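J.: Structure file work.tsv, TSV, C-alpha atoms, is pasted below:
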```
chain	number	residue	atom	x	y	z
F	30	MET	CA	167.52	124.68	108.65
F	31	LYS	CA	166.71	125.97	112.14
F	32	LYS	CA	167.45	129.56	111.04
F	33	ILE	CA	165.12	129.17	108.04
F	34	SER	CA	162.37	127.83	110.30
F	35	ILE	CA	162.75	130.77	112.69
F	36	LEU	CA	162.74	133.23	109.76
F	37	LEU	CA	159.60	131.68	108.26
F	38	PHE	CA	157.85	131.63	111.67
F	39	SER	CA	158.70	135.31	112.17
F	40	LEU	CA	157.36	136.19	108.74
F	41	VAL	CA	154.12	134.30	109.42
F	42	CYS	CA	153.64	136.21	112.67
F	43	LEU	CA	154.29	139.48	110.86
F	44	ALA	CA	151.85	138.48	108.09
F	45	LEU	CA	149.08	137.84	110.59
F	46	THR	CA	149.00	141.51	111.51
F	47	ASN	CA	146.18	143.44	109.86
F	48	VAL	CA	148.19	145.24	107.18
F	49	ASN	CA	146.90	145.67	103.64
F	50	GLY	CA	149.84	144.58	101.52
F	51	GLN	CA	148.84	144.13	97.92
F	52	ASP	CA	147.84	147.00	95.66
F	53	TYR	CA	146.80	144.93	92.63
F	54	GLN	CA	144.16	142.24	92.06
F	55	THR	CA	145.98	139.91	89.64
F	56	ALA	CA	149.48	139.77	88.20
F	57	ILE	CA	150.57	137.57	85.27
F	58	GLY	CA	154.13	136.94	84.09
F	59	ALA	CA	157.14	134.68	84.40
F	60	LYS	CA	158.95	133.08	87.32
F	61	PHE	CA	162.46	131.63	87.35
F	62	TYR	CA	164.13	129.38	89.92
F	63	SER	CA	167.76	128.65	90.61
F	64	GLY	CA	168.86	125.75	92.78
F	65	GLY	CA	168.47	122.02	92.24
F	66	GLY	CA	168.30	122.70	88.50
F	67	THR	CA	167.24	125.90	86.83
F	68	SER	CA	163.61	126.17	85.72
F	69	GLY	CA	161.20	128.85	84.72
F	70	GLY	CA	157.75	129.33	83.34
F	71	LEU	CA	154.38	131.03	83.47
F	72	ASN	CA	153.20	132.53	86.75
F	73	ILE	CA	149.99	134.08	88.06
F	74	LYS	CA	149.25	135.65	91.44
F	75	HIS	CA	145.73	136.58	92.49
F	76	SER	CA	144.71	138.51	95.60
F	77	LEU	CA	141.98	136.92	97.73
F	78	THR	CA	141.89	139.64	100.40
F	79	GLY	CA	144.14	142.54	101.33
F	80	ASN	CA	146.69	140.24	102.95
F	81	THR	CA	146.25	136.82	101.27
F	82	ALA	CA	146.86	135.58	97.75
F	83	LEU	CA	147.05	132.45	95.61
F	84	GLU	CA	150.03	131.93	93.33
F	85	GLY	CA	150.44	129.29	90.65
F	86	SER	CA	153.12	128.39	88.13
F	87	LEU	CA	153.61	126.10	85.16
F	88	LEU	CA	157.36	125.47	85.12
F	89	PHE	CA	159.70	124.04	82.49
F	90	GLY	CA	163.33	122.96	82.83
F	91	HIS	CA	164.58	119.48	83.57
F	92	SER	CA	160.87	118.52	83.74
F	93	VAL	CA	157.38	120.01	83.64
F	94	ALA	CA	155.97	121.04	87.02
F	95	LEU	CA	152.88	122.62	88.52
F	96	GLU	CA	153.02	124.57	91.76
F	97	GLY	CA	150.30	126.17	93.86
F	98	LEU	CA	150.96	128.44	96.83
F	99	TYR	CA	148.83	130.21	99.45
F	100	GLU	CA	150.54	133.35	100.71
F	101	LEU	CA	150.13	135.84	103.53
F	102	GLN	CA	151.51	139.28	102.70
F	103	GLY	CA	151.80	142.81	103.99
F	104	GLY	CA	153.35	146.17	103.35
F	105	ILE	CA	156.70	147.13	104.81
F	106	PRO	CA	156.30	150.42	106.76
F	107	GLY	CA	158.20	153.30	105.21
F	108	ALA	CA	158.93	151.42	101.98
F	109	GLY	CA	156.21	152.35	99.50
F	110	GLY	CA	155.47	149.56	97.02
F	111	LEU	CA	157.64	147.03	98.88
F	112	GLN	CA	155.85	144.10	100.51
F	113	TYR	CA	156.79	140.84	102.21
F	114	PHE	CA	155.15	137.47	101.64
F	115	VAL	CA	155.27	134.09	103.32
F	116	GLY	CA	153.34	130.93	102.57
F	117	GLY	CA	153.31	127.38	101.38
F	118	GLY	CA	151.71	124.90	99.07
F	119	ALA	CA	152.47	121.93	96.89
F	120	MET	CA	154.37	121.00	93.75
F	121	LEU	CA	153.70	118.20	91.26
F	122	ASP	CA	156.71	117.41	89.05
F	123	PHE	CA	156.32	115.31	85.88
F	124	GLY	CA	159.37	113.54	84.44
F	125	ASN	CA	161.94	114.72	86.92
F	126	ASN	CA	165.17	113.03	88.00
F	127	HIS	CA	163.08	110.21	89.49
F	128	ASN	CA	162.02	109.20	85.94
F	129	GLY	CA	158.41	109.72	86.86
F	130	THR	CA	156.12	111.96	88.82
F	131	SER	CA	157.02	113.38	92.22
F	132	PHE	CA	155.04	115.31	94.81
F	133	GLY	CA	156.41	117.82	97.28
F	134	ILE	CA	155.56	120.45	99.85
F	135	ARG	CA	156.71	124.02	99.14
F	136	LEU	CA	157.38	126.88	101.48
F	137	THR	CA	158.08	130.42	100.34
F	138	GLY	CA	159.10	133.73	101.84
F	139	GLY	CA	160.45	136.92	100.37
F	140	VAL	CA	159.76	140.43	99.15
F	141	GLU	CA	158.03	141.93	96.15
F	142	TYR	CA	157.96	145.42	94.70
F	143	THR	CA	155.13	146.91	92.64
F	144	PHE	CA	155.96	150.03	90.62
F	145	ASN	CA	153.47	152.91	90.87
F	146	GLU	CA	154.24	154.44	87.49
F	147	ILE	CA	154.11	151.25	85.42
F	148	PRO	CA	152.07	148.05	85.92
F	149	ILE	CA	155.06	145.85	86.79
F	150	ASN	CA	155.66	143.68	89.85
F	151	VAL	CA	158.98	142.00	90.72
F	152	SER	CA	159.44	139.44	93.50
F	153	LEU	CA	162.38	137.63	95.05
F	154	GLY	CA	161.78	134.65	97.31
F	155	LEU	CA	163.53	131.82	99.10
F	156	ASP	CA	161.72	128.54	98.53
F	157	PRO	CA	162.51	125.35	100.49
F	158	ILE	CA	161.12	122.24	98.81
F	159	PHE	CA	160.45	118.93	100.53
F	160	ARG	CA	159.77	116.08	98.10
F	161	LEU	CA	157.63	113.36	99.68
F	162	ALA	CA	157.01	110.83	96.91
F	163	PRO	CA	158.30	108.64	95.35
F	164	SER	CA	161.35	109.35	97.53
F	165	THR	CA	162.11	111.97	100.15
F	166	GLU	CA	164.60	114.77	99.66
F	167	SER	CA	164.85	118.51	100.21
F	168	ASP	CA	166.20	121.41	98.24
F	169	LEU	CA	166.41	125.20	98.49
F	170	TRP	CA	165.51	127.37	95.50
F	171	LEU	CA	165.81	131.09	94.89
F	172	GLY	CA	162.80	132.41	92.96
F	173	LEU	CA	162.58	135.56	90.83
F	174	ALA	CA	159.29	136.67	89.22
F	175	PHE	CA	158.43	139.44	86.75
F	176	ARG	CA	154.69	140.11	86.38
F	177	TYR	CA	152.31	142.52	84.67
F	178	THR	CA	149.74	143.81	87.18
F	179	LEU	CA	146.03	144.12	86.52
F	180	ARG	CA	144.72	146.69	89.01
```
Kindly present the structure from the file in structure tokens form.

T.:
Amino acid sequence: MKKISILLFSLVCLALTNVNGQDYQTAIGAKFYSGGGTSGGLNIKHSLTGNTALEGSLLFGHSVALEGLYELQGGIPGAGGLQYFVGGGAMLDFGNNHNGTSFGIRLTGGVEYTFNEIPINVSLGLDPIFRLAPSTESDLWLGLAFRYTLR
């Protein structure tokens, strides 16, 4: 867990540099998670500024869940179309293993690639989840998103 914290802290510091990372305004598609039960669903990411974005998902799997994330992002020098992102937010899970509704804090960090020739964006992220209610537990998910970009 200490290594993940150091990695996320390093990514936040890198994201705070003034680098314009996103070359699309909005992207809509699907996101899939593996870890703690496989789930997937609808996903949207919208740029607020050159280096910040909001991301939201409606997920289905062992339950129905809503997630909202605020992300800092930036381009990776020398790797056209490849960007990093780091952020956090919350998740509300309806009908999960707790036989009710649960609330949790989400962190995220990873990379995404936007193709120049076609309006497609692919991202891969590592997502620690900390459930706070009705009981506390943590999990680590691997997220994969495929989105259509609106430039």

J.: Which residues are near Pro148 of chain F? Cut-off 9 Å, only C-alpha atoms, ignore same chain within fewer than 5 positions. Put them as a CSV table (one decimal) with C-alpha atoms, in the frame of the given file.

T.:
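Saved to around_23.csv:
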```csv
chain,number,residue,atom,x,y,z
F,56,ALA,CA,149.5,139.8,88.2
F,143,THR,CA,155.1,146.9,92.6
F,176,ARG,CA,154.7,140.1,86.4
F,177,TYR,CA,152.3,142.5,84.7
F,178,THR,CA,149.7,143.8,87.2
F,179,LEU,CA,146.0,144.1,86.5
F,180,ARG,CA,144.7,146.7,89.0
```

J.: Could you pull the residues within 7 Å of Gly139 of chain F, counting all atoms listed in the file, minus those fewer than 4 positions along the same chain, as an NGL selection string?

T.: :F and (113-115 or 153-155)

J.: Of the candidates F:Pro163, F:Gly64, F:Gly110, F:Gly118, which shows the shortest atom-to-atom distance to Phe132 of chain F, using all atoms listed in the file?

T.: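 Among F:Pro163, F:Gly64, F:Gly110, F:Gly118, it is F:Pro163 that comes nearest to Phe132 of chain F.
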
J.: Let me make sure I understand: among F:Phe175, F:Trp170, F:Tyr62, F:Phe89, which one has the smallest atom-to-atom distance to Tyr142 of chain F if we use all atoms listed in the file?

T.: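 Looking at the shortest contact to Tyr142 of chain F, the residue is F:Phe175.
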
J.: Do a neighbour search on Ala108 of chain F at 12 Å with only C-alpha atoms, toss out local chain neighbours closer than 3 positions, and write the hits as a list of chain:residue names.

T.: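 After dropping sequence-adjacent residues, the list is F:Gly50, F:Gly103, F:Gly104, F:Ile105, F:Leu111, F:Gln112, F:Tyr113, F:Val140, F:Glu141, F:Tyr142, F:Thr143, F:Phe144.
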
J.: One decimal, Å: what's the distance from atom CA of Ser68 of chain F over to atom CA of Leu98 of chain F, could you say?

T.: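 It comes out at 17.0 Å.
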
J.: Enter the distance from atom CA of Ser167 of chain F to atom CA of Gly133 of chain F, in Å, rounded to one decimal.

T.: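 Between atom CA of Ser167 of chain F and atom CA of Gly133 of chain F the gap is 9.0 Å.
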
J.: Please, what distance in Å, to one decimal, runs between atom CA of Gly97 of chain F and atom CA of Lys60 of chain F?

T.: 12.9 Å

J.: Counting all atoms listed in the file, figure out which residue out of F:Ile134, F:Leu77, F:Leu95, F:Leu88 gets nearest to Phe61 of chain F.

T.: F:Leu88

J.: Could you pull the residues within 9 Å of Glu84 of chain F, counting all atoms listed in the file, minus those fewer than 5 positions along the same chain, as an MDAnalysis selection string?

T.: chainID F and resid 72:76 96:100

J.: Here is a test: counting only C-alpha atoms, which residue of F:Glu146, F:Pro157, F:Ala94, F:Thr78 is nearest to Gly117 of chain F?

T.: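 Residue with the minimum atom-to-atom distance to Gly117 of chain F: F:Pro157.
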
J.: Ranking F:Leu161, F:Gly129, F:Asn80, F:Pro106 by minimum distance to Val93 of chain F and counting only C-alpha atoms, which one comes first?

T.: F:Gly129

J.: Given the choices F:Ala82, F:Ile147, F:Leu136, F:Ala59, which gets closest to Gly116 of chain F if the distance is worked out from all atoms listed in the file?

T.: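 Selected residue with least distance to Gly116 of chain F: F:Leu136.
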